[in-house]
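> What follows is a single structure, and I will ask about it in a moment.
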Amino acid sequence: MVTVASQFTGSFTQQEALPAGAVDAAVAVLQTGRLHRYNLTEDEIGEVSALESEYRDWQGCGFCLAVTSGGQAMQIALRACGVSAGDPVLTNAFTLAPVPGAIAAVGGKPVLVEITEDLRLDFDDLEQKIEASGARVLLLSHMRGHLCDMDRLVQICDARKVLVIEDCAHTMGASWNGRRSGNFGKMACFSTQTYKHMNSGEGGLLTTDDAALAARATILSGSYMQYERHGAGPDAEAFAAARLDMPNCSARMDALRAAILRPQLAVLDQSITRWNERYQIVERGLRGAPGITPITRPIQEQPVGSSIQFRVPDFTDAQCQTLLAESAARGVDLKWFGGQDPSGFTSAHGSWRYVTPQNLPRTDAVLATLFDMRLPLTFSTEDCALVASILGNVAETVAA
């Protein structure tokens, strides 16, 4: 029997206030009037270049480029890696719309790969889709912070000469066997949109160890040949070919966003600890609740628990809708991936009409009973315990 819990009154969309240092940095930038990343005095480093250098060092990669969004980072990475019109590009069947959207935006054809019950890429289906499609690029979405077996993934892709681009929008700071997410593929894309692990409203970061790819990405971002003013870019000789071959996509990050991100980066490790504390409280509370199956995480994975997912595998569609509605009535904002139409930030492959319809029975079966919930740092640990108690109580009622 789950203890009956009271109403939750917190907000699932309220982020923490930015650190005082971020506010001060923003004011300082605004007072200069120099918001464009290249609008600098002769010897000035600039906020964007400083952010690129600091993120490169924190991530432990060779090069870093700051851009306008995680979606733009993915588009630039795909272009830099040579994807052009008509090329098949593999990606997860379970992801959010900006991922297949990035593939479609550069003219590629998304090839959707099935997922397992623990929300990770199905390697058997991946191998079959590589063979059947002839795709040479995988845009791997670490959807909702779940890392697949990255060692095996790299083995599979290397053996078949498939280049991996990691979408790390939900795994900034996560790792597999002690190696940071984003350091396995050829390129990695991060987001600093409001609901991600650093908040600049919109924004993105692109990382790589490949100097040629870093140069191509920098020109694509719109460097106006001022690539030597980047804080974490390759040497000038890396730009010899790229400087005239790549179009300008005008995707530069501005100084204001970089200024408010740098103080957040300085405390990101502490934020990750706090997210994981909240995740563990909710996850413990859901284990054993009637009908609820939390997602199992492998021991090799060190996640960032900024959201939590669970399945109700024995529930019907009607019961899932009741769980959604009853939880909302108690103040708990769930997202359900089994709905017919996109809702908020949640969608499924059937609603992406720019993607050729594909038969994905295993993914569809998983999504039919999959729920998702944000865990903002504005929640106290007591809030997290209450939310878990409410969910357990509602699930018990629905399951009865």
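Residues are named by chain letter and number: chains run A, B, ... in the order of the structure tokens, numbers start at 1 in each chain, and ligands are numbered from 1 in the order shown.
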Among the residues of segment 185-372 of chain A, find those DSSP assigns to helix (DSSP H, G or I) from the backbone and print them as a PyMOL selection string.
chain A and resi 211-221+227-229+236-239+242-245+255-266+268-286+317-329+349-351+361-367
> With a cut-off of 10 Å, could you pull out the residues of segment 338-374 of chain A touching segment 304-307 of chain A and give me the nearest pair of atoms for each, distance in Å to one decimal, using only C-alpha atoms, ordered by chain and ascending number, as a Markdown table?

| residue | atom | partner | partner_atom | distance |
| --- | --- | --- | --- | --- |
| A:Asp372 | CA | A:Ser307 | CA | 7.2 |
| A:Met373 | CA | A:Ser307 | CA | 5.5 |
| A:Arg374 | CA | A:Ser307 | CA | 4.2 |
> Name the residues in contact with His349 of chain A at a cut-off of 10 Å, using only C-alpha atoms, excluding same-chain residues fewer than 6 positions from it; report them as a PyMOL selection string.
chain A and resi 92-97+100+112+342+355-358+360+363-364
> If you measure from atom CA of Thr9 of chain A to atom CA of Gly338 of chain A, what distance in Å do you get, rounded to one decimal?
25.8 Å
> Which is closer to Pro234 of chain A than all the others in A:His142, A:Ala212, A:Ala258, A:Cys81, using only C-alpha atoms?
A:Ala212
> Using only C-alpha atoms, which residues sit within 6 Å of segment 46-49 of chain A once same-chain residues fewer than 3 positions away are excluded, as a ChimeraX atom specification?
/A:52,230-231,255,258-259
